[in-house]
file query-v3.txt (compact mmCIF, C-alpha atoms)
# COMPACT_ATOMS: atom_id res chain seq x y z
CA MET A 30 95.53 136.11 59.29
CA THR A 31 95.67 133.51 62.05
CA GLU A 32 99.19 132.24 62.69
CA SER A 33 99.77 128.51 62.34
CA LEU A 34 100.51 126.36 65.36
CA ALA A 35 103.95 125.59 63.91
CA TYR A 36 104.77 129.31 63.59
CA LYS A 37 103.38 130.06 67.07
CA THR A 38 105.44 127.26 68.58
CA LYS A 39 108.61 128.50 66.88
CA ARG A 40 107.92 132.05 68.07
CA ILE A 41 107.42 130.93 71.69
CA ILE A 42 110.58 128.79 71.66
CA GLU A 43 112.65 131.69 70.32
CA HIS A 44 111.09 134.22 72.69
CA TYR A 45 111.88 132.18 75.80
CA GLY A 46 115.22 130.88 74.52
CA PHE A 47 114.11 127.30 75.06
CA ASN A 48 116.47 124.49 74.06
CA PHE A 49 115.12 121.00 73.32
CA LYS A 50 116.56 118.31 75.57
CA LYS A 51 117.08 115.05 73.74
CA GLY A 52 117.20 113.12 77.02
CA PHE A 53 113.57 114.04 77.70
CA GLY A 54 112.35 112.98 74.25
CA GLN A 55 110.83 116.40 73.56
CA ASN A 56 108.87 116.69 70.32
CA PHE A 57 106.20 119.40 70.34
CA LEU A 58 103.00 118.84 68.34
CA VAL A 59 102.48 121.58 65.73
CA ASP A 60 99.41 120.37 63.82
CA GLU A 61 95.98 121.68 64.92
CA ARG A 62 94.14 118.81 63.24
CA VAL A 63 95.97 116.25 65.35
CA LEU A 64 95.12 118.21 68.49
CA ASP A 65 91.44 117.95 67.58
CA LYS A 66 91.79 114.20 67.01
CA ILE A 67 93.37 113.69 70.43
CA ILE A 68 90.59 115.63 72.17
CA SER A 69 87.93 113.77 70.19
CA ALA A 70 89.47 110.34 70.84
CA GLY A 71 89.77 111.08 74.56
CA GLU A 72 86.07 112.00 74.70
CA ILE A 73 86.87 114.75 77.19
CA THR A 74 83.92 116.24 79.11
CA GLU A 75 83.39 118.76 81.90
CA ASN A 76 83.15 115.87 84.39
CA ASP A 77 86.69 114.70 83.61
CA VAL A 78 89.92 115.31 85.47
CA VAL A 79 92.69 114.86 82.91
CA ILE A 80 96.22 113.87 83.86
CA GLU A 81 98.56 115.11 81.13
CA VAL A 82 102.15 113.94 80.84
CA GLY A 83 104.79 116.14 79.23
CA PRO A 84 102.79 119.31 78.37
CA GLY A 85 105.72 120.90 76.52
CA ILE A 86 104.68 124.52 75.94
CA GLY A 87 101.04 123.80 76.81
CA THR A 88 99.43 123.54 73.38
CA LEU A 89 97.51 120.34 74.21
CA THR A 90 97.09 121.49 77.83
CA ALA A 91 95.12 124.56 76.79
CA ALA A 92 92.95 122.56 74.41
CA LEU A 93 92.17 120.04 77.16
CA ALA A 94 91.35 122.80 79.67
CA LYS A 95 88.60 124.09 77.37
CA HIS A 96 86.76 120.77 77.67
CA ALA A 97 87.71 119.23 81.03
CA PHE A 98 86.80 120.02 84.64
CA LYS A 99 90.50 120.12 85.48
CA VAL A 100 93.85 119.36 83.85
CA ILE A 101 96.79 118.22 85.95
CA SER A 102 99.95 118.47 83.85
CA ILE A 103 103.14 116.73 84.94
CA GLU A 104 106.33 118.09 83.37
CA ILE A 105 109.80 116.75 84.17
CA ASP A 106 111.71 119.68 82.60
CA LYS A 107 111.87 122.43 85.24
CA THR A 108 112.87 125.01 82.63
CA LEU A 109 109.42 124.66 81.05
CA ILE A 110 107.46 125.41 84.24
CA PRO A 111 107.83 129.24 84.19
CA ILE A 112 107.05 129.24 80.46
CA LEU A 113 103.92 127.16 81.06
CA ASN A 114 102.84 129.35 83.99
CA ARG A 115 103.01 132.39 81.72
CA LEU A 116 101.38 130.84 78.67
CA LEU A 117 98.55 129.20 80.64
CA GLU A 118 97.88 132.01 83.14
CA ASP A 119 94.39 132.65 81.73
CA TYR A 120 93.19 129.18 82.74
CA ASP A 121 92.03 128.57 86.32
CA ASN A 122 91.52 124.81 85.88
CA ILE A 123 95.11 123.81 85.15
CA GLU A 124 97.53 122.53 87.81
CA LEU A 125 101.22 122.22 86.88
CA ILE A 126 103.47 119.72 88.62
CA ASN A 127 107.23 119.64 88.06
CA GLY A 128 107.98 115.95 88.41
CA ASP A 129 108.67 112.56 86.89
CA ILE A 130 105.49 110.69 85.97
CA LEU A 131 107.18 107.37 86.75
CA LYS A 132 107.77 108.57 90.32
CA THR A 133 104.40 110.30 90.77
CA ASP A 134 101.78 108.75 93.03
CA LEU A 135 98.82 108.68 90.64
CA ASN A 136 96.55 107.15 93.29
CA GLU A 137 97.10 110.19 95.50
CA ILE A 138 96.02 112.50 92.68
CA ILE A 139 93.01 110.34 91.83
CA SER A 140 91.85 110.16 95.47
CA LYS A 141 91.22 113.94 95.48
CA TYR A 142 88.48 113.63 92.85
CA PRO A 143 86.18 110.75 93.91
CA ASP A 144 83.20 112.07 91.94
CA LYS A 145 85.06 112.69 88.66
CA ASN A 146 86.16 110.54 85.74
CA ILE A 147 89.95 110.31 85.58
CA LYS A 148 91.56 110.19 82.16
CA MET A 149 95.13 110.38 80.97
CA VAL A 150 95.83 112.27 77.75
CA ALA A 151 99.33 112.95 76.53
CA ASN A 152 101.82 113.39 73.72
CA LEU A 153 104.22 110.96 75.39
CA PRO A 154 107.99 110.86 75.04
CA TYR A 155 108.54 107.51 73.31
CA TYR A 156 110.99 106.17 75.88
CA ILE A 157 108.43 106.20 78.71
CA THR A 158 105.35 105.08 76.78
CA THR A 159 105.31 101.41 77.74
CA PRO A 160 106.46 101.90 81.38
CA ILE A 161 103.63 104.41 82.03
CA ILE A 162 100.93 102.26 80.47
CA MET A 163 102.16 99.06 82.13
CA ASN A 164 102.30 100.84 85.50
CA ILE A 165 98.61 101.72 85.15
CA ILE A 166 97.66 98.21 84.03
CA GLU A 167 99.77 96.18 86.46
CA ASN A 168 98.89 98.29 89.50
CA HIS A 169 95.18 98.52 88.60
CA ILE A 170 95.21 102.32 88.84
CA LYS A 171 91.65 103.64 88.59
CA ILE A 172 91.84 105.55 85.33
CA ASP A 173 88.95 105.43 82.86
CA SER A 174 91.03 105.72 79.72
CA VAL A 175 94.49 106.56 78.42
CA THR A 176 94.63 108.49 75.14
CA VAL A 177 98.20 109.02 74.02
CA MET A 178 100.37 109.91 71.08
CA ILE A 179 102.96 107.16 70.83
CA GLN A 180 105.29 105.57 68.32
CA LYS A 181 103.16 104.10 65.52
CA GLU A 182 104.84 100.70 65.74
CA VAL A 183 104.08 100.44 69.47
CA ALA A 184 100.44 101.48 68.97
CA TYR A 185 99.90 98.73 66.41
CA ARG A 186 101.59 96.19 68.67
CA MET A 187 99.08 97.05 71.40
CA LYS A 188 96.15 96.37 69.09
CA ALA A 189 97.67 93.39 67.20
CA LYS A 190 95.92 90.05 66.74
CA PRO A 191 97.42 86.52 66.78
CA SER A 192 99.60 85.36 63.86
CA THR A 193 100.67 88.88 62.87
CA LYS A 194 104.22 90.19 63.08
CA GLU A 195 103.17 92.93 65.54
CA TYR A 196 101.58 90.46 67.97
CA GLY A 197 103.45 89.81 71.20
CA SER A 198 103.44 89.99 74.97
CA LEU A 199 102.63 93.74 74.90
CA SER A 200 99.51 93.03 72.80
CA LEU A 201 98.27 90.51 75.34
CA SER A 202 99.14 92.62 78.39
CA VAL A 203 97.21 95.59 77.01
CA GLN A 204 94.23 93.63 75.73
CA TYR A 205 93.90 91.79 79.06
CA SER A 206 93.01 95.09 80.76
CA CYS A 207 92.04 97.51 77.97
CA GLU A 208 90.08 97.97 74.79
CA PRO A 209 92.55 99.60 72.33
CA TYR A 210 91.38 101.94 69.58
CA ILE A 211 93.71 103.67 67.11
CA ALA A 212 92.24 107.09 66.39
CA ALA A 213 94.80 108.49 63.96
CA ASN A 214 98.14 107.95 62.30
CA VAL A 215 100.43 110.96 62.63
CA PRO A 216 103.43 111.57 60.32
CA ASN A 217 106.65 112.94 61.76
CA ASN A 218 106.21 116.33 60.07
CA CYS A 219 103.52 117.15 62.65
CA PHE A 220 106.19 117.69 65.30
CA MET A 221 108.96 120.12 66.14
CA PRO A 222 111.64 118.86 66.00
CA ARG A 223 110.70 115.96 63.74
CA PRO A 224 111.20 112.53 65.34
CA ASN A 225 112.73 109.73 63.29
CA VAL A 226 109.53 107.68 63.32
CA ASP A 227 105.83 108.20 62.68
CA SER A 228 103.31 108.24 65.50
CA ALA A 229 99.73 107.24 66.23
CA VAL A 230 97.02 108.36 68.62
CA ILE A 231 95.70 105.39 70.57
CA ARG A 232 92.96 105.27 73.21
CA LEU A 233 93.09 102.50 75.77
CA LYS A 234 89.76 102.21 77.57
CA LEU A 235 90.33 100.41 80.87
CA LEU A 236 87.96 97.49 81.31
CA ASP A 237 85.84 97.16 84.46
CA LYS A 238 87.28 93.69 84.85
CA PRO A 239 89.98 91.77 82.93
CA ALA A 240 89.02 90.40 79.51
CA ILE A 241 89.50 86.84 80.81
CA GLU A 242 89.40 85.19 84.23
CA VAL A 243 92.44 83.21 85.37
CA LYS A 244 93.49 81.54 88.61
CA ASP A 245 96.79 83.45 88.89
CA GLU A 246 97.25 86.73 87.00
CA LYS A 247 100.97 86.96 87.75
CA PHE A 248 101.60 83.45 86.39
CA LEU A 249 99.55 84.24 83.26
CA PHE A 250 101.98 87.03 82.36
CA GLU A 251 105.01 84.94 83.26
CA PHE A 252 103.67 82.27 80.90
CA ILE A 253 103.05 84.81 78.12
CA LYS A 254 106.51 86.32 78.54
CA ALA A 255 108.06 82.87 78.34
CA ALA A 256 106.04 82.01 75.22
CA PHE A 257 107.49 85.00 73.34
CA SER A 258 111.03 84.68 74.70
CA GLN A 259 112.19 82.86 71.53
CA ARG A 260 109.74 83.93 68.88
CA ARG A 261 110.52 81.33 66.21
CA LYS A 262 110.63 78.44 68.65
CA THR A 263 107.72 76.17 69.54
CA LEU A 264 105.81 76.82 72.74
CA VAL A 265 107.25 73.60 74.19
CA ASN A 266 110.81 74.86 73.73
CA CYS A 267 110.01 78.34 75.05
CA ILE A 268 108.28 77.09 78.19
CA PHE A 269 110.99 74.52 78.84
CA SER A 270 113.82 77.04 78.39
CA SER A 271 112.15 79.56 80.69
CA LYS A 272 112.09 77.10 83.62
CA ILE A 273 108.77 78.52 84.86
CA VAL A 274 107.38 74.98 85.26
CA LYS A 275 108.86 71.79 86.71
CA LEU A 276 108.27 69.73 83.57
CA ASP A 277 110.52 68.34 80.84
CA LYS A 278 109.81 68.86 77.15
CA GLU A 279 107.85 65.63 76.79
CA GLU A 280 105.64 66.47 79.75
CA ILE A 281 105.02 70.00 78.45
CA GLY A 282 104.02 68.64 75.04
CA LYS A 283 101.73 66.08 76.64
CA LEU A 284 99.97 68.73 78.72
CA LEU A 285 99.46 70.86 75.62
CA VAL A 286 97.83 67.94 73.79
CA GLU A 287 95.63 67.15 76.79
CA ASN A 288 94.29 70.69 76.62
CA GLY A 289 93.52 70.55 72.89
CA PHE A 290 96.70 72.07 71.42
CA ASP A 291 99.23 70.73 68.94
CA GLU A 292 102.53 70.04 70.68
CA LYS A 293 104.28 72.01 67.91
CA VAL A 294 102.15 75.14 68.42
CA ARG A 295 103.94 78.49 68.52
CA GLY A 296 103.14 81.23 71.00
CA GLU A 297 102.38 83.91 68.40
CA THR A 298 99.36 81.94 67.13
CA LEU A 299 97.50 81.78 70.46
CA SER A 300 94.75 84.15 71.59
CA LEU A 301 94.43 85.71 75.03
CA GLU A 302 91.67 83.22 75.89
CA GLN A 303 93.92 80.31 74.90
CA TYR A 304 96.73 81.70 77.03
CA GLY A 305 94.34 81.88 79.95
CA LYS A 306 93.41 78.23 79.52
CA LEU A 307 97.04 77.12 79.27
CA ALA A 308 98.21 79.24 82.20
CA ASP A 309 95.57 77.60 84.41
CA ALA A 310 96.58 74.15 83.14
CA PHE A 311 100.28 74.71 83.82
CA LEU A 312 99.79 76.54 87.14
CA PRO A 313 99.97 73.39 89.34
CA HIS A 314 103.41 72.67 87.83
CA LYS A 315 104.96 76.13 88.25
CA THR A 316 108.43 76.45 89.71
CA GLU A 317 108.40 77.65 93.29

call {"tool": "encode", "arguments": {"input": "query-v3.txt", "output": "structure tokens"}}
result
Amino acid sequence: MTESLAYKTKRIIEHYGFNFKKGFGQNFLVDERVLDKIISAGEITENDVVIEVGPGIGTLTAALAKHAFKVISIEIDKTLIPILNRLLEDYDNIELINGDILKTDLNEIISKYPDKNIKMVANLPYYITTPIIMNIIENHIKIDSVTVMIQKEVAYRMKAKPSTKEYGSLSLSVQYSCEPYIAANVPNNCFMPRPNVDSAVIRLKLLDKPAIEVKDEKFLFEFIKAAFSQRRKTLVNCIFSSKIVKLDKEEIGKLLVENGFDEKVRGETLSLEQYGKLADAFLPHKTE
């Protein structure tokens, strides 16, 4: 009888005397079906170099290695490195790095494989989910796609549309650079130990060029951030309070009307395209 992934994980943890570290957000995946969904969503092929974050005890790492050209796993917990080296010793296409993904030079890794597709696949600790993804987006790191297990609420915020409660600045930031696809919802009983929230597998396919064209990308995101700074306030009030433009409330309202918007419009109702139009319109008035 084949042992379950949950039983195997428990056996490995006990054998090596491993203790979970809450500060690292460690929750090991123990459901084979979810593993298959991650691999499928990532569309991993033998021409792919996969950057994995937080391999844990290597369950996903081994599954990725069976499909990819190479897997580069970055693990912050140094106590897991000898365990991983032992458990993954049969694979010659896995490279383990003991380090912090937020301090790792991804461009240096990517530059070593100019003829390969670079993909990130990971069961991410929740506390570093958004920083990792925003680092890739904001710094235009040449990764084809990011397929990650993240907090369900965050996944749905990334994919959210205007006028929904999940919609916000994160939705717009992600959709500006990526095409989000939610591959699976994952209940908390698929992990050891169980987290307090449910998760989701989301694939972010990086676009060849941004979804919209604007005159100043940095100002676009400053404008979006300002628009959501006071969610139940009108856009006029949010933009005025943020001080990102040298205009009073009346002038902001007038400029909105001139560009085809109601002066009482709220930020959560506007699409990415509409934000692009408004950011360009307000750009000449930005605060230096």

call {"tool": "residues_around", "arguments": {"input": "query-v3.txt", "residues": "stretch 196-198 of chain A", "least_positions_apart": "4", "cutoff": "9 Å", "atoms": "only C-alpha atoms", "output": "list in words"}}
result
Tyr185, Arg186, Met187, Lys188, Ala189, Lys190, Pro191, Ser192, Ser202, Val203, Phe250, Ile253, Lys254, Ala256, Phe257, Arg260, Gly296, Glu297 and Thr298 of chain A

call {"tool": "closest_residue", "arguments": {"input": "query-v3.txt", "among": "A:Val175, A:Leu285, A:Val78, A:Ile170", "to": "A:Val265", "atoms": "only C-alpha atoms"}}
result
A:Leu285

call {"tool": "residues_around", "arguments": {"input": "query-v3.txt", "residues": "A:Asn56", "least_positions_apart": "4", "cutoff": "7 Å", "atoms": "only C-alpha atoms", "output": "JSON, numbers by chain"}}
result
{"A": [220, 221, 222, 223, 224]}

call {"tool": "closest_residue", "arguments": {"input": "query-v3.txt", "among": "A:Glu251, A:Glu287, A:Glu72, A:Glu292", "to": "A:Lys272", "atoms": "only C-alpha atoms"}}
result
A:Glu251

call {"tool": "closest_atom_pairs", "arguments": {"input": "query-v3.txt", "of": "stretch 38-116 of chain A", "to": "stretch 133-148 of chain A", "cutoff": "6 Å", "atoms": "all atoms listed in the file", "output": "Markdown table"}}
result
| residue | atom | partner | partner_atom | distance |
| --- | --- | --- | --- | --- |
| A:Asn76 | CA | A:Lys145 | CA | 5.7 |
| A:Asp77 | CA | A:Asn146 | CA | 4.7 |
| A:Val78 | CA | A:Ile147 | CA | 5.0 |
| A:Val79 | CA | A:Lys148 | CA | 4.9 |

call {"tool": "atom_distance", "arguments": {"input": "query-v3.txt", "atom1": "atom CA of A:Lys238", "atom2": "atom CA of A:Asp309"}}
result
18.1 Å

call {"tool": "residues_around", "arguments": {"input": "query-v3.txt", "residues": "stretch 213-217 of chain A", "least_positions_apart": "6", "cutoff": "10 Å", "atoms": "only C-alpha atoms", "output": "PDB file with C-alpha atoms, in the coordinates of the input"}}
result
ATOM      1  CA  ASN A  56     108.870 116.690  70.320  1.00  0.00           C
ATOM      2  CA  LEU A  58     103.000 118.840  68.340  1.00  0.00           C
ATOM      3  CA  ASP A  60      99.410 120.370  63.820  1.00  0.00           C
ATOM      4  CA  VAL A  63      95.970 116.250  65.350  1.00  0.00           C
ATOM      5  CA  LYS A  66      91.790 114.200  67.010  1.00  0.00           C
ATOM      6  CA  ILE A  67      93.370 113.690  70.430  1.00  0.00           C
ATOM      7  CA  ALA A  70      89.470 110.340  70.840  1.00  0.00           C
ATOM      8  CA  MET A 178     100.370 109.910  71.080  1.00  0.00           C
ATOM      9  CA  ILE A 179     102.960 107.160  70.830  1.00  0.00           C
ATOM     10  CA  GLN A 180     105.290 105.570  68.320  1.00  0.00           C
ATOM     11  CA  LYS A 181     103.160 104.100  65.520  1.00  0.00           C
ATOM     12  CA  ALA A 184     100.440 101.480  68.970  1.00  0.00           C
ATOM     13  CA  ARG A 223     110.700 115.960  63.740  1.00  0.00           C
ATOM     14  CA  PRO A 224     111.200 112.530  65.340  1.00  0.00           C
ATOM     15  CA  ASN A 225     112.730 109.730  63.290  1.00  0.00           C
ATOM     16  CA  VAL A 226     109.530 107.680  63.320  1.00  0.00           C
ATOM     17  CA  ASP A 227     105.830 108.200  62.680  1.00  0.00           C
ATOM     18  CA  SER A 228     103.310 108.240  65.500  1.00  0.00           C
ATOM     19  CA  ALA A 229      99.730 107.240  66.230  1.00  0.00           C
ATOM     20  CA  VAL A 230      97.020 108.360  68.620  1.00  0.00           C
ATOM     21  CA  ILE A 231      95.700 105.390  70.570  1.00  0.00           C
ATOM     22  CA  ARG A 232      92.960 105.270  73.210  1.00  0.00           C
TER      23      ARG A 232
END

call {"tool": "closest_residue", "arguments": {"input": "query-v3.txt", "among": "A:Thr38, A:Gln55, A:Ser206, A:Ser102", "to": "A:Asp129", "atoms": "all atoms listed in the file"}}
result
A:Ser102

call {"tool": "closest_residue", "arguments": {"input": "query-v3.txt", "among": "A:Gly282, A:Gly305, A:Ser271, A:Gln259", "to": "A:Leu201", "atoms": "all atoms listed in the file"}}
result
A:Gly305

call {"tool": "residues_near_point", "arguments": {"input": "query-v3.txt", "point": "(86.5, 118.2, 80.3)", "cutoff": "7 Å", "atoms": "all atoms listed in the file", "output": "JSON, numbers by chain"}}
result
{"A": [73, 74, 75, 76, 77, 78, 93, 94, 95, 96, 97, 98, 99]}

call {"tool": "residues_around", "arguments": {"input": "query-v3.txt", "residues": "stretch 109-113 of chain A", "least_positions_apart": "2", "cutoff": "7 Å", "atoms": "only C-alpha atoms", "output": "list of chain:residue names"}}
result
A:Gly85, A:Ile86, A:Gly87, A:Asp106, A:Lys107, A:Arg115, A:Leu116, A:Leu117, A:Asn127

call {"tool": "write_last_selection", "arguments": {"input": "query-v3.txt", "atoms": "C-alpha atoms", "output": "mmCIF file, in the frame of the given file"}}
result
data_model
loop_
_atom_site.group_PDB
_atom_site.id
_atom_site.type_symbol
_atom_site.label_atom_id
_atom_site.label_comp_id
_atom_site.auth_asym_id
_atom_site.auth_seq_id
_atom_site.Cartn_x
_atom_site.Cartn_y
_atom_site.Cartn_z
ATOM 1 C CA GLY A 85 105.720 120.900 76.520
ATOM 2 C CA ILE A 86 104.680 124.520 75.940
ATOM 3 C CA GLY A 87 101.040 123.800 76.810
ATOM 4 C CA ASP A 106 111.710 119.680 82.600
ATOM 5 C CA LYS A 107 111.870 122.430 85.240
ATOM 6 C CA ARG A 115 103.010 132.390 81.720
ATOM 7 C CA LEU A 116 101.380 130.840 78.670
ATOM 8 C CA LEU A 117 98.550 129.200 80.640
ATOM 9 C CA ASN A 127 107.230 119.640 88.060
#

call {"tool": "atom_distance", "arguments": {"input": "query-v3.txt", "atom1": "atom CA of A:Glu104", "atom2": "atom CA of A:Gly83"}}
result
4.8 Å

call {"tool": "closest_residue", "arguments": {"input": "query-v3.txt", "among": "A:Glu118, A:Thr316, A:Val150, A:Asp245", "to": "A:Asp173", "atoms": "only C-alpha atoms"}}
result
A:Val150

call {"tool": "atom_distance", "arguments": {"input": "query-v3.txt", "atom1": "atom CA of A:Asp277", "atom2": "atom CA of A:Lys247"}}
result
22.0 Å

call {"tool": "closest_residue", "arguments": {"input": "query-v3.txt", "among": "A:Thr176, A:Glu167, A:Lys37, A:Ile105", "to": "A:Ser69", "atoms": "only C-alpha atoms"}}
result
A:Thr176

call {"tool": "residues_near_point", "arguments": {"input": "query-v3.txt", "point": "(99.5, 119.8, 71.4)", "cutoff": "7 Å", "atoms": "all atoms listed in the file", "output": "ChimeraX atom specification"}}
result
/A:57-59,64,87-89

call {"tool": "residues_around", "arguments": {"input": "query-v3.txt", "residues": "A:Gln204", "least_positions_apart": "3", "cutoff": "9 Å", "atoms": "only C-alpha atoms", "output": "list of chain:residue names"}}
result
A:Met187, A:Lys188, A:Leu199, A:Ser200, A:Leu201, A:Cys207, A:Glu208, A:Pro209, A:Leu233, A:Pro239, A:Ala240, A:Leu301
